[in-house]
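Coordinates from upload_11.cif are shown below (mmCIF, C-alpha atoms).
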```cif
data_upload
#
loop_
_atom_site.label_atom_id
_atom_site.label_comp_id
_atom_site.auth_asym_id
_atom_site.auth_seq_id
_atom_site.Cartn_x
_atom_site.Cartn_y
_atom_site.Cartn_z
CA ALA A 158 -3.93 23.83 -11.36
CA GLN A 159 -7.03 21.74 -11.02
CA PRO A 160 -7.46 18.70 -13.28
CA ALA A 161 -9.91 19.01 -16.11
CA GLY A 162 -13.29 17.41 -15.57
CA HIS A 163 -14.29 14.24 -17.36
CA PRO A 164 -17.98 14.65 -18.22
CA ALA A 165 -17.97 11.51 -20.35
CA THR A 166 -17.24 9.38 -17.29
CA ARG A 167 -19.95 10.90 -15.10
CA PRO A 168 -22.70 8.37 -14.36
CA ALA A 169 -26.19 9.55 -15.17
CA PRO A 170 -28.20 10.54 -12.09
CA PRO A 171 -31.20 8.39 -11.20
CA ALA A 172 -34.29 9.22 -13.20
CA GLY A 173 -36.77 11.54 -11.60
CA GLY A 174 -34.69 12.99 -8.79
CA ALA A 175 -31.38 13.93 -7.26
CA ALA A 176 -28.49 11.51 -7.05
CA ARG A 177 -28.58 9.15 -4.10
CA PRO A 178 -26.36 10.09 -1.14
CA ASN A 179 -24.19 6.97 -1.55
CA PRO A 180 -23.92 5.98 -5.23
CA MET A 181 -21.14 3.52 -4.33
CA ILE A 182 -23.86 1.07 -3.28
CA ASP A 183 -25.03 0.70 -6.87
CA LEU A 184 -21.45 -0.02 -7.92
CA HIS A 185 -21.06 -2.60 -5.16
CA ARG A 186 -24.30 -4.27 -6.20
CA ALA A 187 -23.09 -4.45 -9.80
CA GLY A 188 -19.72 -5.90 -8.78
CA GLN A 189 -17.97 -2.84 -10.19
CA PRO A 190 -14.69 -1.53 -8.77
CA VAL A 191 -14.81 1.75 -6.85
CA PHE A 192 -12.13 4.46 -6.94
CA GLY A 193 -11.68 7.36 -4.53
CA LEU A 194 -9.19 9.99 -3.46
CA TYR A 195 -7.97 11.45 -0.22
CA ALA A 196 -9.43 14.91 0.20
CA PRO A 197 -6.99 17.65 -0.84
CA SER A 198 -5.35 19.39 2.09
CA ASN A 199 -2.87 22.10 2.88
CA PRO A 200 0.72 20.93 3.32
CA ARG A 201 1.86 20.50 6.89
CA PRO A 202 4.58 22.89 8.12
CA ARG A 203 8.00 21.32 7.70
CA PRO A 204 11.49 22.30 8.81
CA PRO A 205 13.52 24.21 6.21
CA GLY A 206 15.07 21.83 3.71
CA ALA A 207 13.15 18.81 4.94
CA GLY A 208 12.05 16.35 2.28
CA GLY A 209 9.07 14.06 2.48
CA ALA A 210 5.40 14.40 1.91
CA GLY A 211 3.02 17.15 2.89
CA GLY A 212 -0.72 17.35 3.13
CA THR A 213 -2.17 13.97 2.23
CA GLY A 214 1.27 12.43 1.85
CA VAL A 215 1.38 12.52 -1.94
CA ALA A 216 3.08 15.82 -2.79
CA VAL A 217 6.73 14.98 -2.26
CA ALA A 218 9.18 17.83 -1.81
CA THR A 219 12.82 17.42 -2.79
CA ARG A 220 15.71 18.71 -0.69
CA PRO A 221 17.00 21.97 -2.23
CA ALA A 222 20.65 22.45 -3.09
CA ALA A 223 22.70 24.34 -0.54
CA ASP A 224 22.95 27.42 -2.76
CA ALA A 225 19.35 27.38 -3.91
CA PRO A 226 17.16 30.33 -2.89
CA ALA A 227 14.62 29.63 -0.21
CA ALA A 228 11.34 28.50 -1.70
CA ALA A 229 8.26 30.55 -1.02
CA PRO A 230 5.84 28.81 1.34
CA PRO A 231 2.94 27.19 -0.52
CA ALA A 232 -0.30 29.11 -0.60
CA MET A 233 -2.78 27.94 2.04
CA ARG A 234 -6.27 27.23 0.73
CA THR A 235 -9.46 27.75 2.69
CA PRO A 236 -11.72 24.77 3.49
CA ALA A 237 -14.15 26.06 0.84
CA GLU A 238 -11.37 26.09 -1.77
CA LEU A 239 -10.29 22.57 -0.81
CA ALA A 240 -13.89 21.38 -1.06
CA ARG A 241 -14.33 22.94 -4.50
CA ALA A 242 -11.17 21.20 -5.68
CA ALA A 243 -12.40 17.85 -4.39
CA LEU A 244 -15.81 18.19 -6.04
CA ALA A 245 -14.35 19.41 -9.33
CA TYR A 246 -12.48 16.15 -9.90
CA GLU A 247 -15.33 14.09 -11.32
CA PRO A 248 -13.79 10.61 -11.84
CA ALA A 249 -13.53 9.99 -8.08
CA ASP A 250 -16.35 7.89 -6.63
CA PHE A 251 -15.76 9.14 -3.09
CA ILE A 252 -13.79 11.60 -0.98
CA PHE A 253 -11.70 10.04 1.78
CA ASP A 254 -10.46 11.57 5.03
CA GLY A 255 -8.20 9.81 7.52
CA GLY A 256 -7.44 12.76 9.77
CA MET A 257 -9.57 11.64 12.71
CA GLU A 258 -8.05 8.18 13.19
CA HIS A 259 -5.18 9.10 15.50
CA ASP A 260 -6.32 12.43 16.97
CA PHE A 261 -10.09 12.77 16.75
CA ASP A 262 -10.35 16.04 18.67
CA ARG A 263 -7.86 17.72 16.36
CA GLY A 264 -9.11 16.19 13.11
CA TYR A 265 -12.84 16.69 13.63
CA PRO A 266 -12.94 20.53 13.42
CA ALA A 267 -10.89 20.50 10.22
CA PHE A 268 -13.19 17.93 8.65
CA ARG A 269 -16.29 19.86 9.80
CA ALA A 270 -14.92 22.95 8.04
CA PHE A 271 -14.32 20.86 4.90
CA VAL A 272 -17.93 19.58 4.97
CA ASP A 273 -19.21 23.14 5.31
CA GLY A 274 -17.15 23.91 2.21
CA VAL A 275 -18.68 20.95 0.36
CA VAL A 276 -22.19 22.23 1.07
CA ALA A 277 -21.25 25.78 0.07
CA ALA A 278 -19.62 24.51 -3.14
CA GLY A 279 -22.76 22.72 -4.29
CA GLY A 280 -22.09 19.22 -3.00
CA GLY A 281 -24.95 19.25 -0.51
CA ALA A 282 -28.58 20.29 -0.60
CA HIS A 283 -29.94 22.70 -3.22
CA ALA A 284 -26.93 22.35 -5.51
CA ALA A 285 -27.23 24.82 -8.36
CA HIS A 286 -27.31 23.32 -11.86
CA GLY A 287 -23.78 23.31 -13.27
CA ALA A 288 -22.09 23.79 -9.90
CA PRO A 289 -19.23 21.44 -9.01
CA GLY A 290 -20.79 18.27 -7.68
CA ALA A 291 -24.32 19.11 -8.83
CA GLY A 292 -26.20 16.03 -10.07
CA ARG A 293 -23.57 13.65 -8.77
CA ARG A 294 -22.63 13.28 -5.12
CA ARG A 295 -19.22 12.29 -3.87
CA PRO A 296 -19.93 10.35 -0.69
CA LEU A 297 -17.76 11.22 2.29
CA VAL A 298 -15.70 8.32 3.63
CA VAL A 299 -13.88 8.77 6.94
CA LYS A 300 -11.72 6.75 9.28
CA THR A 301 -12.73 6.58 12.90
CA PRO A 302 -10.35 5.65 15.75
CA PRO A 303 -10.07 1.91 16.47
CA VAL A 304 -13.21 0.75 18.29
CA HIS A 305 -11.24 -1.48 20.65
CA ASP A 306 -9.46 1.58 22.11
CA ASP A 307 -12.66 2.71 23.85
CA PRO A 308 -15.98 1.20 22.64
CA ALA A 309 -18.12 3.72 24.57
CA LEU A 310 -16.22 6.70 23.20
CA ALA A 311 -16.31 5.14 19.75
CA ARG A 312 -20.11 5.32 19.74
CA THR A 313 -20.01 9.05 20.43
CA ARG A 314 -17.35 9.71 17.81
CA ILE A 315 -19.09 7.70 15.10
CA ALA A 316 -22.35 9.56 15.77
CA ARG A 317 -20.57 12.89 15.43
CA GLN A 318 -19.06 11.83 12.12
CA LEU A 319 -22.38 10.59 10.76
CA ASP A 320 -24.03 13.82 11.87
CA LEU A 321 -21.79 15.59 9.34
CA GLY A 322 -23.36 13.68 6.46
CA VAL A 323 -20.69 10.99 6.22
CA THR A 324 -21.94 7.92 4.36
CA THR A 325 -19.07 5.50 5.07
CA ILE A 326 -17.25 4.77 8.30
CA VAL A 327 -13.89 3.02 8.00
CA PHE A 328 -12.90 0.93 11.02
CA PRO A 329 -9.09 0.62 11.23
CA ASP A 330 -7.12 -2.09 13.01
CA VAL A 331 -10.11 -4.41 13.42
CA GLU A 332 -9.13 -7.46 15.44
CA SER A 333 -12.43 -9.29 16.03
CA ALA A 334 -15.92 -9.75 14.70
CA GLU A 335 -17.33 -8.48 18.00
CA GLU A 336 -15.46 -5.20 17.62
CA LEU A 337 -16.83 -4.73 14.11
CA ARG A 338 -20.37 -5.49 15.25
CA THR A 339 -20.00 -2.85 17.96
CA GLY A 340 -19.01 -0.34 15.28
CA LEU A 341 -21.91 -1.31 13.04
CA ALA A 342 -24.37 -0.89 15.92
CA ALA A 343 -22.96 2.59 16.54
CA MET A 344 -23.95 3.52 12.96
CA ARG A 345 -27.60 2.51 13.47
CA TYR A 346 -30.36 4.30 15.35
CA ALA A 347 -32.12 2.53 18.19
CA ALA A 348 -35.18 2.00 15.99
CA GLN A 349 -32.92 0.01 13.68
CA GLY A 350 -31.47 -2.04 16.53
CA GLY A 351 -28.38 0.09 17.02
CA THR A 352 -26.84 2.43 19.58
CA ARG A 353 -26.59 5.71 17.64
CA PRO A 354 -28.01 8.73 19.52
CA ALA A 355 -31.20 10.28 18.15
CA GLY A 356 -29.67 13.44 16.60
CA VAL A 357 -29.05 14.08 12.90
CA GLY A 358 -26.76 17.13 12.94
CA ILE A 359 -26.30 18.70 9.53
CA ALA A 360 -26.52 15.35 7.73
CA PRO A 361 -29.92 15.97 6.09
CA ALA A 362 -28.60 19.22 4.59
CA VAL A 363 -25.47 17.50 3.31
CA TRP A 364 -27.51 14.70 1.76
CA GLY A 365 -30.12 17.11 0.44
CA VAL A 366 -33.06 15.34 2.08
CA SER A 367 -35.58 16.05 4.83
CA GLU A 368 -34.88 14.97 8.40
CA ALA A 369 -37.55 12.29 8.16
CA SER A 370 -36.04 10.94 4.94
CA TYR A 371 -32.57 10.98 6.46
CA ARG A 372 -33.67 8.97 9.48
CA GLU A 373 -35.29 6.41 7.21
CA ARG A 374 -32.29 6.08 4.89
CA ALA A 375 -29.46 6.43 7.42
CA ASP A 376 -29.11 2.70 7.98
CA VAL A 377 -26.32 0.29 7.11
CA TRP A 378 -26.36 -1.42 3.74
CA PRO A 379 -26.50 -4.35 3.10
CA LEU A 380 -28.13 -5.04 6.49
CA ALA A 381 -30.89 -2.68 5.37
CA PRO A 382 -31.53 -2.97 1.59
CA GLY A 383 -32.62 0.68 1.45
CA GLY A 384 -29.82 1.98 3.64
CA GLU A 385 -27.30 4.56 2.43
CA LEU A 386 -24.55 4.00 5.02
CA THR A 387 -21.68 1.60 4.42
CA ALA A 388 -18.99 0.24 6.71
CA TRP A 389 -15.45 -0.65 5.69
CA ALA A 390 -12.93 -2.47 7.86
CA ILE A 391 -9.14 -2.70 7.82
CA VAL A 392 -7.10 -5.64 9.11
CA GLU A 393 -3.58 -4.55 10.03
CA SER A 394 -2.26 -6.76 12.83
CA ARG A 395 -1.39 -10.40 13.44
CA GLU A 396 -4.47 -10.73 15.65
CA GLY A 397 -6.66 -9.31 12.90
CA LEU A 398 -5.12 -11.72 10.39
CA ARG A 399 -5.75 -14.63 12.74
CA ARG A 400 -9.44 -13.71 12.84
CA VAL A 401 -9.81 -12.35 9.33
CA ARG A 402 -12.35 -14.98 8.25
CA GLU A 403 -14.70 -14.22 11.13
CA ILE A 404 -14.29 -10.50 10.45
CA ALA A 405 -15.11 -10.95 6.75
CA ALA A 406 -18.17 -13.01 7.70
CA VAL A 407 -19.80 -10.19 9.69
CA LYS A 408 -23.12 -9.21 8.10
CA GLY A 409 -23.13 -5.55 7.21
CA ILE A 410 -19.54 -5.05 6.09
CA ALA A 411 -19.33 -3.48 2.62
CA ALA A 412 -15.54 -3.66 2.06
CA LEU A 413 -12.51 -5.16 3.79
CA PHE A 414 -8.94 -3.93 3.38
CA PRO A 415 -5.52 -5.25 4.27
CA GLY A 416 -3.73 -2.35 5.97
CA ALA A 417 -0.84 -2.71 3.55
CA GLY A 418 1.40 -0.01 5.02
CA THR A 419 0.90 -1.11 8.62
CA LEU A 420 1.26 -4.79 7.72
CA ARG A 421 4.58 -3.99 6.09
CA GLY A 422 5.73 -2.81 9.53
CA VAL A 423 4.35 -5.98 11.14
CA PHE A 424 6.59 -8.06 8.88
CA THR A 425 9.64 -5.82 9.28
CA THR A 426 12.52 -6.57 11.63
CA VAL A 427 15.12 -4.08 12.86
CA ASP A 428 18.74 -5.04 13.50
CA SER A 429 19.45 -3.91 17.07
CA ALA A 430 23.10 -3.19 16.27
CA THR A 431 22.83 -1.33 12.97
CA GLY A 432 19.22 -0.21 12.91
CA ALA A 433 18.84 -1.74 9.44
CA ARG A 434 15.28 -2.71 8.58
CA THR A 435 14.44 -5.89 6.71
CA VAL A 436 11.01 -6.57 5.26
CA ASP A 437 9.86 -10.15 4.86
CA THR A 438 8.21 -9.38 1.53
CA ALA A 439 6.87 -12.91 1.06
CA ALA A 440 5.11 -12.88 4.46
CA TRP A 441 3.85 -9.33 3.84
CA GLU A 442 2.32 -10.27 0.49
CA GLY A 443 1.00 -13.45 2.05
CA ALA A 444 -0.89 -11.36 4.62
CA ILE A 445 -2.39 -9.22 1.86
CA GLN A 446 -3.50 -12.33 0.01
CA GLN A 447 -4.92 -13.81 3.22
CA VAL A 448 -7.28 -10.83 3.52
CA LEU A 449 -8.18 -11.08 -0.17
CA ALA A 450 -8.97 -14.79 0.21
CA ALA A 451 -11.34 -14.04 3.10
CA CYS A 452 -13.04 -11.36 1.00
CA LYS A 453 -13.58 -13.81 -1.84
CA GLU A 454 -14.81 -16.54 0.48
CA PHE A 455 -17.50 -14.32 1.98
CA ASP A 456 -18.20 -12.25 -1.16
CA VAL A 457 -17.03 -8.96 0.35
CA PRO A 458 -15.37 -6.33 -1.88
CA CYS A 459 -11.68 -6.14 -1.02
CA GLY A 460 -9.91 -2.78 -0.92
CA TYR A 461 -6.35 -1.59 -1.42
CA PRO A 462 -4.44 1.73 -1.32
CA ALA A 463 -3.09 2.32 -4.81
CA ASN A 464 -1.34 5.44 -6.00
CA ASP A 465 -0.25 4.42 -9.49
CA PRO A 466 -1.75 2.59 -12.49
CA GLN A 467 0.63 -0.36 -12.12
CA THR A 468 -0.63 -1.14 -8.62
CA VAL A 469 -4.25 -0.71 -9.69
CA GLU A 470 -3.72 -3.09 -12.61
CA GLN A 471 -1.96 -5.71 -10.46
CA ARG A 472 -4.54 -5.65 -7.67
CA MET A 473 -7.56 -5.52 -9.99
CA ARG A 474 -6.29 -8.69 -11.68
CA GLN A 475 -6.07 -10.32 -8.26
CA GLY A 476 -9.66 -9.37 -7.45
CA PHE A 477 -9.46 -6.14 -5.42
CA ARG A 478 -12.47 -3.87 -6.03
CA VAL A 479 -12.11 -0.73 -3.86
CA PHE A 480 -9.17 1.62 -4.31
CA ILE A 481 -8.03 4.71 -2.40
CA ALA A 482 -5.42 6.99 -3.97
CA GLY A 483 -3.69 10.11 -2.73
CA TRP A 484 -4.72 13.54 -3.96
CA GLY A 485 -2.45 14.72 -6.80
CA GLU A 486 -1.37 13.71 -10.28
CA PRO A 487 -0.25 10.14 -9.39
CA GLY A 488 -3.60 9.51 -7.72
CA PHE A 489 -5.53 11.03 -10.63
CA ARG A 490 -3.70 8.72 -13.04
CA ALA A 491 -4.45 5.71 -10.84
CA VAL A 492 -8.17 6.53 -10.67
CA GLU A 493 -8.49 7.24 -14.38
CA TYR A 494 -6.58 4.11 -15.35
CA GLY A 495 -8.76 2.00 -13.06
CA ARG A 496 -12.01 3.41 -14.39
CA GLY A 497 -10.85 2.79 -17.95
CA ALA A 498 -9.75 -0.78 -17.19
CA ALA A 499 -13.13 -1.44 -15.59
CA GLY A 500 -15.02 -0.06 -18.57
CA ARG A 501 -16.34 2.81 -16.53
#
```
As structure tokens, what does this structure read like?
Amino acid sequence: AQPAGHPATRPAPPAGGAARPNPMIDLHRAGQPVFGLYAPSNPRPRPPGAGGAGGTGVAVATRPAADAPAAAPPAMRTPAELARAALAYEPADFIFDGGMEHDFDRGYPAFRAFVDGVVAAGGGAHAAHGAPGAGRRRPLVVKTPPVHDDPALARTRIARQLDLGVTTIVFPDVESAEELRTGLAAMRYAAQGGTRPAGVGIAPAVWGVSEASYRERADVWPLAPGGELTAWAIVESREGLRRVREIAAVKGIAALFPGAGTLRGVFTTVDSATGARTVDTAAWEGAIQQVLAACKEFDVPCGYPANDPQTVEQRMRQGFRVFIAGWGEPGFRAVEYGRGAAGR
């Protein structure tokens, strides 16, 4: 079942026109925390009886008893149905997709189908009054593969993502300021001093603007005060931690995250004899706080993955201001708690 909407928490659209393509910028400017969700997805096929998470990694299946009847496979939803579900959950400030980070060629077609569903469901141009998403846009936030893997290919991939109407590119595993600047340049057209090819794809239709307006507004905020694109970066290696201050100092970054899950692995050792894993929790938390300190020093919003109210409360108190939760009831509770705690 889909969660009930929360009309009381819906921000009023700007006077005199449609909502801006990236309303997160107004929240960033106001110093307000931002809360988003992974896009809903169909569960991945799993071996019979296997536990673990499906889809976005938040719907955990339990191992059935030996004498339990075989469970019916979950119903598979179309991209349009997934898009309608994402738009119907109003408290989320953005929709997040990480499916292109590790296998771009596989993840891109699925995300393209999801975007088509968003437009069809009323989240793009010409949204009908009262349709899910009408009057309030949920900006699309996507991970791109690490730029340092192949900077030339990264430019092509980022352009393809932006051509789908994406407003925010997330750069994972950033290890240097130079790498981040390369990614920022890939988001900007040549007329803006960047390296993005001249095309626009379906982005104007997704934003609900003309091609000319899109070209004018498709620049990186805060480098361009009127820009609607934002760039987020994730530090998740020892090299990234070593250079975290220079990364946080890059002009044009709108949020910086510690890659909490990956950093846990960085500070985990494995006993070669027993295979037992030991996490140095003090060093792991120290790495998280190192990223947060750099964010505060350079006045950059700091982000964190948080899938429960307790984590949101803890990290908000520390100063984190951008939160990503998994799709599902735990994530809904995290988002709603955070918005309430922030007075939103």
Around all the atoms of region 187-196 of chain A listed in the file, with 3 Å of room on each side, what axis-aligned box do you get, giving centre and edge lengths in Å to one decimal, as JSON?
```
{"center_x": -15.5, "center_y": 4.5, "center_z": -5.0, "size_x": 21.1, "size_y": 26.8, "size_z": 16.4}
```
Name the residues captured by the PyMOL selection byres ((chain A and resi 189-203) around 8) when it is applied to the shown file; answer as a VMD selection string. chain A and resid 181 184 to 188 204 to 205 207 211 to 213 231 233 to 234 239 to 240 242 to 243 249 to 255 477 to 484 488 492 495 to 496 499
Using the chain letters and numbers from the file, which residues does the PyMOL selection byres ((chain A and resi 435) around 10) grab, as a list in words? Gly422, Phe424, Thr425, Thr426, Val427, Asp428, Gly432, Ala433, Arg434, Val436, Asp437 and Thr438 of chain A
Can those selected residues be exported to a file as an mmCIF file, in the coordinates of the input so that it contains C-alpha atoms?
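In the end it all went to part24.cif:
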```cif
data_model
loop_
_atom_site.group_PDB
_atom_site.id
_atom_site.type_symbol
_atom_site.label_atom_id
_atom_site.label_comp_id
_atom_site.auth_asym_id
_atom_site.auth_seq_id
_atom_site.Cartn_x
_atom_site.Cartn_y
_atom_site.Cartn_z
ATOM 1 C CA GLY A 422 5.730 -2.810 9.530
ATOM 2 C CA PHE A 424 6.590 -8.060 8.880
ATOM 3 C CA THR A 425 9.640 -5.820 9.280
ATOM 4 C CA THR A 426 12.520 -6.570 11.630
ATOM 5 C CA VAL A 427 15.120 -4.080 12.860
ATOM 6 C CA ASP A 428 18.740 -5.040 13.500
ATOM 7 C CA GLY A 432 19.220 -0.210 12.910
ATOM 8 C CA ALA A 433 18.840 -1.740 9.440
ATOM 9 C CA ARG A 434 15.280 -2.710 8.580
ATOM 10 C CA VAL A 436 11.010 -6.570 5.260
ATOM 11 C CA ASP A 437 9.860 -10.150 4.860
ATOM 12 C CA THR A 438 8.210 -9.380 1.530
#
```
Could you give me, as a count of residues only, the residues within 10 Å of Arg472 (chain A), counting all atoms listed in the file and dropping anything in the same chain fewer than 4 positions from it? 14
Tell me which protein, DNA and RNA residues are within 12 Å of region 316-319 of chain A, counting all atoms listed in the file, leaving out same-chain ones fewer than 4 positions away, and put them as JSON, numbers by chain. {"A": [254, 255, 256, 257, 258, 261, 262, 264, 265, 266, 268, 269, 272, 296, 297, 298, 299, 300, 301, 302, 309, 310, 311, 312, 323, 324, 325, 326, 327, 340, 341, 342, 343, 344, 345, 346, 351, 352, 353, 354, 355, 356, 357, 358, 359, 360, 361, 363, 364, 371, 372, 375, 376, 377, 385, 386, 387, 388]}
CA of Ala278 (chain A) to CA of Arg241 (chain A): how many Å, to one decimal? 5.7 Å
Identify which of the residues A:Ala498, A:Met473, A:Val401, A:Ile445 lies closest to Arg421 (chain A), counting all atoms listed in the file when measuring atom-to-atom distances. A:Ile445
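CA of Arg402 (chain A) is found 12.6 Å from CA of Ala444 (chain A).
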Residues returned when the PyMOL selection byres ((chain A and resi 390) around 8) runs on this file, as a ChimeraX atom specification: /A:327-331,337,388-389,391-392,410,412-414
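Across the structure, CA of Ile404 (chain A) and CA of Pro178 (chain A) are spaced 26.5 Å apart.
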Give the answer as one residue: which of A:Thr431, A:Glu247, A:Thr339, A:Ala411 has the shortest atom-to-atom distance to Ala381 (chain A), using all atoms listed in the file? A:Ala411
Nearest to Arg490 (chain A) among A:Lys453, A:Tyr246, A:Arg263, A:Glu335, with distances taken over only C-alpha atoms: which residue is it? A:Tyr246
